[in-house]
Amino acid sequence: MDILVTGASGLVGSSLVRALEAEGHRVTALRRVSGGASEIVPPGTAWWDPEGGTIDLGNTPIDAVVHLAGENIASGRWTRAKKRRIRDSRVEGTQLLARALAKRSSPPRVLVSASAVGFSGDLGEKAATETTEPGDGFLAEVCAEWEEATGAASDAGIRVVLLRIGVVFSAEGGALAKMLLAFRLGLGGRVGSGRQYVSWIHLRDLIAIIQFALEQDEIEGPLIAAAPGAVTNAELTRELGRVLHRPTLLPLPAFAARIALGEMADELLLASVRATPEKLLAHGFSFAFPSLAPALADLLG
């Protein structure tokens, strides 16, 4: 297939591109340019300027699209400007892409568009599935708008898969890398009560899920991309300490997390998201790492 990928230079995108090319697919990264710089792009090259609201998909055939682009939610404090960038990069960027795909004389067959398990908001111990209603809070609202932004593509008959991704665990970066320094120094511990659930996914499984979604014509709509073995923060803390052979005796109280991170603490560290990948399991997807201990051993062992 000819596959267009946005966010191709990120943690997930770069791994996905390698995996797709290894399978023999032809991959085009949608090149990002800043306002006024489009003249430096070679003719026929696919490029976009999400902030400027312009896009040119070039003259390359496109059978499928994987849309991963978006402002990093975990870098920097959530100021009003940061929250605006988080929302706009997802909602307006997705609308721009979806409309451009819908206008093509030969639209792609499928659009796999990133979303997040945060769609459900904080549900405590209650499990979230693909049929769960959108929750409350900034991230839940962004996810709902993000998914709705694909509407032009689905209206044009493109099969749209809304990938609700859990916390991605990788040895190459991301959330796990941010945790490792403190834990390796023996400074790790649970956050808040530790009872909040964390829905996670091994990077290798996430790449396989994206490939699965591209290939399975019967899959569309919301698709939870998280391991079936969601764990509490306390369980994650204990297992990470065990794998690293380090104590985990220094908890981070909720009030301290809020002082350090503000609103981000409530949404990313203290909210409980127990996502269950019902649709993937029903369609026969096999997780390489369905539970936490083997996943961490693979990444850190």
# chains A, B, ... in the order shown; residues from 1 in each chain; ligands from 1
call {"tool": "residues_around", "arguments": {"residues": "A:Asp205", "least_positions_apart": "2", "cutoff": "10 Å", "atoms": "only C-alpha atoms", "output": "PDB file with C-alpha atoms, in the first residue's frame"}}
result
ATOM      1  CA  VAL A 168       3.021   4.206  25.427  1.00  0.00           C
ATOM      2  CA  PHE A 169       5.901   2.311  27.047  1.00  0.00           C
ATOM      3  CA  ILE A 201       0.640  -0.224  25.783  1.00  0.00           C
ATOM      4  CA  HIS A 202       4.005  -1.619  24.730  1.00  0.00           C
ATOM      5  CA  LEU A 203       5.235   0.277  21.665  1.00  0.00           C
ATOM      6  CA  ILE A 207       2.638  -0.630  16.009  1.00  0.00           C
ATOM      7  CA  ALA A 208       1.017  -4.024  15.451  1.00  0.00           C
ATOM      8  CA  ILE A 209      -2.411  -2.579  16.317  1.00  0.00           C
ATOM      9  CA  ILE A 210      -2.006   0.208  13.760  1.00  0.00           C
ATOM     10  CA  GLN A 211      -1.034  -2.318  11.103  1.00  0.00           C
ATOM     11  CA  ALA A 225      -5.174   0.611  21.820  1.00  0.00           C
ATOM     12  CA  ALA A 226      -4.172  -0.377  25.338  1.00  0.00           C
ATOM     13  CA  ALA A 227      -3.079  -3.640  26.886  1.00  0.00           C
ATOM     14  CA  PHE A 285      -5.845  -9.422  17.841  1.00  0.00           C
ATOM     15  CA  SER A 286      -3.109 -11.101  19.858  1.00  0.00           C
ATOM     16  CA  PHE A 287      -1.080  -8.919  22.210  1.00  0.00           C
ATOM     17  CA  ALA A 288       2.607  -9.740  22.486  1.00  0.00           C
ATOM     18  CA  PHE A 289       2.609  -8.031  25.902  1.00  0.00           C
ATOM     19  CA  PRO A 290      -0.845  -8.248  27.507  1.00  0.00           C
ATOM     20  CA  ALA A 295       6.484  -5.757  29.001  1.00  0.00           C
TER      21      ALA A 295
END
call {"tool": "residues_around", "arguments": {"residues": "A:Ala140", "least_positions_apart": "4", "cutoff": "12 Å", "atoms": "only C-alpha atoms", "output": "list of chain:residue names"}}
result
A:Arg87, A:Ser115, A:Ala116, A:Val117, A:Gly118, A:Phe119, A:Ser120, A:Gly121, A:Asp122, A:Leu123, A:Thr132, A:Glu133, A:Pro134, A:Gly135, A:Asp136, A:Ala144, A:Glu145, A:Trp146, A:Glu147, A:Arg164, A:Glu267, A:Leu268, A:Ala271, A:Val273
call {"tool": "residues_around", "arguments": {"residues": "A:Met1", "least_positions_apart": "4", "cutoff": "8 Å", "atoms": "only C-alpha atoms", "output": "PyMOL selection string"}}
result
chain A and resi 25-26+62-64
call {"tool": "residues_around", "arguments": {"residues": "A:Glu148", "least_positions_apart": "2", "cutoff": "12 Å", "atoms": "only C-alpha atoms", "output": "mmCIF file with N, CA and C atoms, in the first residue's frame"}}
result
data_model
loop_
_atom_site.group_PDB
_atom_site.id
_atom_site.type_symbol
_atom_site.label_atom_id
_atom_site.label_comp_id
_atom_site.auth_asym_id
_atom_site.auth_seq_id
_atom_site.Cartn_x
_atom_site.Cartn_y
_atom_site.Cartn_z
ATOM 1 N N ARG A 90 -4.530 19.171 17.399
ATOM 2 C CA ARG A 90 -5.291 17.940 17.170
ATOM 3 C C ARG A 90 -6.578 18.201 16.399
ATOM 4 N N VAL A 91 -7.372 19.122 16.878
ATOM 5 C CA VAL A 91 -8.688 19.333 16.283
ATOM 6 C C VAL A 91 -8.575 20.007 14.914
ATOM 7 N N GLU A 92 -7.925 21.163 14.854
ATOM 8 C CA GLU A 92 -7.844 21.885 13.588
ATOM 9 C C GLU A 92 -6.942 21.157 12.591
ATOM 10 N N THR A 94 -6.538 17.897 12.390
ATOM 11 C CA THR A 94 -7.286 16.744 11.885
ATOM 12 C C THR A 94 -8.369 17.177 10.902
ATOM 13 N N GLN A 95 -9.045 18.282 11.204
ATOM 14 C CA GLN A 95 -10.045 18.793 10.259
ATOM 15 C C GLN A 95 -9.412 19.124 8.918
ATOM 16 N N ALA A 98 -8.545 15.795 7.151
ATOM 17 C CA ALA A 98 -9.738 15.052 6.734
ATOM 18 C C ALA A 98 -10.405 15.690 5.522
ATOM 19 N N SER A 113 -6.691 7.442 12.764
ATOM 20 C CA SER A 113 -6.415 8.725 13.391
ATOM 21 C C SER A 113 -6.250 8.551 14.897
ATOM 22 N N ALA A 114 -5.164 9.082 15.431
ATOM 23 C CA ALA A 114 -4.884 8.935 16.856
ATOM 24 C C ALA A 114 -5.911 9.672 17.703
ATOM 25 N N SER A 115 -6.230 9.074 18.834
ATOM 26 C CA SER A 115 -6.962 9.696 19.916
ATOM 27 C C SER A 115 -6.315 9.146 21.186
ATOM 28 N N PHE A 119 -10.251 9.899 26.558
ATOM 29 C CA PHE A 119 -11.590 10.210 26.054
ATOM 30 C C PHE A 119 -12.644 9.984 27.140
ATOM 31 N N PRO A 134 -18.111 10.089 26.242
ATOM 32 C CA PRO A 134 -16.997 10.996 26.576
ATOM 33 C C PRO A 134 -17.128 11.512 28.003
ATOM 34 N N GLU A 141 -12.457 16.372 26.718
ATOM 35 C CA GLU A 141 -13.089 17.270 25.752
ATOM 36 C C GLU A 141 -12.267 17.368 24.470
ATOM 37 N N VAL A 142 -10.937 17.446 24.614
ATOM 38 C CA VAL A 142 -10.079 17.500 23.431
ATOM 39 C C VAL A 142 -10.230 16.218 22.620
ATOM 40 N N CYS A 143 -10.227 15.066 23.288
ATOM 41 C CA CYS A 143 -10.353 13.798 22.569
ATOM 42 C C CYS A 143 -11.664 13.718 21.801
ATOM 43 N N ALA A 144 -12.749 14.160 22.425
ATOM 44 C CA ALA A 144 -14.046 14.121 21.752
ATOM 45 C C ALA A 144 -14.045 15.002 20.504
ATOM 46 N N GLU A 145 -13.498 16.209 20.613
ATOM 47 C CA GLU A 145 -13.422 17.103 19.456
ATOM 48 C C GLU A 145 -12.466 16.552 18.401
ATOM 49 N N TRP A 146 -11.381 15.948 18.848
ATOM 50 C CA TRP A 146 -10.362 15.362 17.970
ATOM 51 C C TRP A 146 -10.993 14.288 17.090
ATOM 52 N N THR A 150 -12.620 14.174 12.341
ATOM 53 C CA THR A 150 -12.425 13.283 11.186
ATOM 54 C C THR A 150 -13.688 13.192 10.332
ATOM 55 N N GLY A 151 -14.742 13.925 10.704
ATOM 56 C CA GLY A 151 -16.043 13.770 10.062
ATOM 57 C C GLY A 151 -16.046 13.890 8.557
ATOM 58 N N ALA A 152 -15.267 14.820 8.006
ATOM 59 C CA ALA A 152 -15.253 14.995 6.549
ATOM 60 C C ALA A 152 -14.760 13.738 5.847
ATOM 61 N N ALA A 153 -13.820 13.028 6.469
ATOM 62 C CA ALA A 153 -13.297 11.800 5.867
ATOM 63 C C ALA A 153 -14.358 10.703 5.864
ATOM 64 N N SER A 154 -15.014 10.491 7.002
ATOM 65 C CA SER A 154 -16.037 9.447 7.050
ATOM 66 C C SER A 154 -17.222 9.796 6.145
ATOM 67 N N ASP A 155 -17.561 11.082 6.045
ATOM 68 C CA ASP A 155 -18.644 11.497 5.150
ATOM 69 C C ASP A 155 -18.310 11.201 3.687
ATOM 70 N N VAL A 160 -12.809 5.146 8.813
ATOM 71 C CA VAL A 160 -12.052 5.879 9.823
ATOM 72 C C VAL A 160 -11.953 5.046 11.099
ATOM 73 N N VAL A 161 -10.739 4.866 11.566
ATOM 74 C CA VAL A 161 -10.475 4.183 12.837
ATOM 75 C C VAL A 161 -9.936 5.213 13.814
ATOM 76 N N LEU A 162 -10.585 5.324 14.971
ATOM 77 C CA LEU A 162 -10.212 6.303 15.988
ATOM 78 C C LEU A 162 -9.448 5.572 17.085
ATOM 79 N N GLY A 221 -14.362 3.141 13.489
ATOM 80 C CA GLY A 221 -14.812 3.824 14.686
ATOM 81 C C GLY A 221 -13.797 3.700 15.813
ATOM 82 N N PRO A 222 -14.223 3.936 17.050
ATOM 83 C CA PRO A 222 -13.297 3.894 18.187
ATOM 84 C C PRO A 222 -12.641 2.521 18.334
#
call {"tool": "select_by_dssp", "arguments": {"residues": "stretch 24-193 of chain A", "states": "helix (DSSP H, G or I)", "output": "number ranges by chain"}}
result
A: 38-40, 80-103, 117-120, 138-148, 151-155, 175-184
call {"tool": "residues_around", "arguments": {"residues": "stretch 13-21 of chain A", "least_positions_apart": "5", "cutoff": "12 Å", "atoms": "only C-alpha atoms", "output": "NGL selection string"}}
result
:A and (1-8 or 26-30 or 64-70 or 114 or 170-173 or 203-212 or 214-215)
call {"tool": "write_last_selection", "arguments": {"atoms": "N, CA and C atoms", "output": "tab-separated table (two decimals), in the first residue's frame"}}
result
chain	number	residue	atom	x	y	z
A	1	MET	N	0.82	-1.20	0.00
A	1	MET	CA	0.00	0.00	0.00
A	1	MET	C	0.86	1.25	0.00
A	2	ASP	N	0.30	2.32	-0.52
A	2	ASP	CA	0.91	3.65	-0.39
A	2	ASP	C	0.29	4.31	0.84
A	3	ILE	N	1.12	4.57	1.85
A	3	ILE	CA	0.61	5.03	3.14
A	3	ILE	C	1.21	6.38	3.49
A	4	LEU	N	0.33	7.34	3.81
A	4	LEU	CA	0.75	8.66	4.25
A	4	LEU	C	0.73	8.68	5.78
A	5	VAL	N	1.80	9.20	6.39
A	5	VAL	CA	1.90	9.24	7.85
A	5	VAL	C	2.17	10.67	8.31
A	6	THR	N	1.37	11.16	9.25
A	6	THR	CA	1.69	12.42	9.90
A	6	THR	C	2.33	12.11	11.26
A	7	GLY	N	3.14	13.04	11.75
A	7	GLY	CA	3.86	12.76	13.00
A	7	GLY	C	4.89	11.66	12.84
A	8	ALA	N	5.46	11.56	11.64
A	8	ALA	CA	6.35	10.44	11.31
A	8	ALA	C	7.68	10.50	12.03
A	26	ARG	N	4.91	1.42	0.78
A	26	ARG	CA	5.55	2.68	0.40
A	26	ARG	C	5.00	3.78	1.30
A	27	VAL	N	5.89	4.37	2.08
A	27	VAL	CA	5.46	5.33	3.11
A	27	VAL	C	5.89	6.74	2.73
A	28	THR	N	4.95	7.66	2.83
A	28	THR	CA	5.24	9.08	2.64
A	28	THR	C	4.97	9.81	3.94
A	29	ALA	N	5.95	10.52	4.45
A	29	ALA	CA	5.75	11.34	5.64
A	29	ALA	C	5.22	12.71	5.19
A	30	LEU	N	4.10	13.12	5.79
A	30	LEU	CA	3.55	14.43	5.47
A	30	LEU	C	4.47	15.49	6.08
A	64	ALA	N	-3.85	4.67	2.18
A	64	ALA	CA	-4.17	4.69	3.60
A	64	ALA	C	-3.42	5.84	4.27
A	65	VAL	N	-3.96	6.30	5.39
A	65	VAL	CA	-3.34	7.40	6.14
A	65	VAL	C	-3.30	7.03	7.61
A	66	VAL	N	-2.17	7.29	8.25
A	66	VAL	CA	-2.06	7.17	9.71
A	66	VAL	C	-1.73	8.56	10.24
A	67	HIS	N	-2.63	9.09	11.04
A	67	HIS	CA	-2.52	10.48	11.52
A	67	HIS	C	-2.14	10.48	12.99
A	68	LEU	N	-0.88	10.85	13.29
A	68	LEU	CA	-0.36	10.81	14.65
A	68	LEU	C	0.07	12.18	15.17
A	69	ALA	N	0.02	13.20	14.35
A	69	ALA	CA	0.57	14.50	14.71
A	69	ALA	C	-0.24	15.17	15.83
A	70	GLY	N	0.48	15.89	16.70
A	70	GLY	CA	-0.18	16.64	17.76
A	70	GLY	C	0.84	17.15	18.77
A	114	ALA	N	-5.16	9.08	15.43
A	114	ALA	CA	-4.88	8.93	16.86
A	114	ALA	C	-5.91	9.67	17.70
A	170	SER	N	8.07	2.54	26.01
A	170	SER	CA	9.13	2.27	25.05
A	170	SER	C	10.47	2.52	25.72
A	171	ALA	N	11.47	1.79	25.29
A	171	ALA	CA	12.83	2.01	25.80
A	171	ALA	C	13.46	3.22	25.15
A	172	GLU	N	12.81	3.76	24.12
A	172	GLU	CA	13.40	4.84	23.33
A	172	GLU	C	12.97	6.23	23.78
A	173	GLY	N	12.02	6.34	24.70
A	173	GLY	CA	11.56	7.65	25.14
A	173	GLY	C	10.14	7.57	25.64
A	203	LEU	N	5.12	-0.33	22.99
A	203	LEU	CA	5.23	0.28	21.67
A	203	LEU	C	5.10	-0.76	20.56
A	204	ARG	N	5.69	-1.93	20.76
A	204	ARG	CA	5.62	-2.96	19.71
A	204	ARG	C	4.17	-3.38	19.45
A	205	ASP	N	3.38	-3.50	20.50
A	205	ASP	CA	1.97	-3.85	20.32
A	205	ASP	C	1.20	-2.72	19.65
A	206	LEU	N	1.54	-1.48	19.99
A	206	LEU	CA	0.85	-0.35	19.36
A	206	LEU	C	1.10	-0.34	17.85
A	207	ILE	N	2.33	-0.58	17.45
A	207	ILE	CA	2.64	-0.63	16.01
A	207	ILE	C	1.85	-1.75	15.33
A	208	ALA	N	1.77	-2.90	16.01
A	208	ALA	CA	1.02	-4.02	15.45
A	208	ALA	C	-0.48	-3.70	15.36
A	209	ILE	N	-1.00	-2.96	16.34
A	209	ILE	CA	-2.41	-2.58	16.32
A	209	ILE	C	-2.69	-1.65	15.14
A	210	ILE	N	-1.81	-0.70	14.90
A	210	ILE	CA	-2.01	0.21	13.76
A	210	ILE	C	-2.01	-0.57	12.45
A	211	GLN	N	-1.07	-1.49	12.31
A	211	GLN	CA	-1.03	-2.32	11.10
A	211	GLN	C	-2.31	-3.15	10.98
A	212	PHE	N	-2.78	-3.69	12.09
A	212	PHE	CA	-4.01	-4.49	12.13
A	212	PHE	C	-5.20	-3.64	11.69
A	214	LEU	N	-5.16	-1.00	9.79
A	214	LEU	CA	-5.03	-0.69	8.38
A	214	LEU	C	-5.55	-1.84	7.50
A	215	GLU	N	-5.32	-3.05	7.96
A	215	GLU	CA	-5.59	-4.23	7.13
A	215	GLU	C	-6.99	-4.80	7.30
call {"tool": "residues_around", "arguments": {"residues": "A:Ala46", "least_positions_apart": "2", "cutoff": "6 Å", "atoms": "only C-alpha atoms", "output": "list in words"}}
result
Leu30, Asp56, Leu57 and Gly58 of chain A
call {"tool": "residues_around", "arguments": {"residues": "A:Glu263", "least_positions_apart": "3", "cutoff": "12 Å", "atoms": "only C-alpha atoms", "output": "MDAnalysis selection string"}}
result
chainID A and resid 73:74 76:80 82:83 137:139 254:255 257:260 266:271
call {"tool": "closest_residue", "arguments": {"among": "A:Pro294, A:Gly186, A:Pro253, A:Gly194", "to": "A:Gly241", "atoms": "only C-alpha atoms"}}
result
A:Gly186
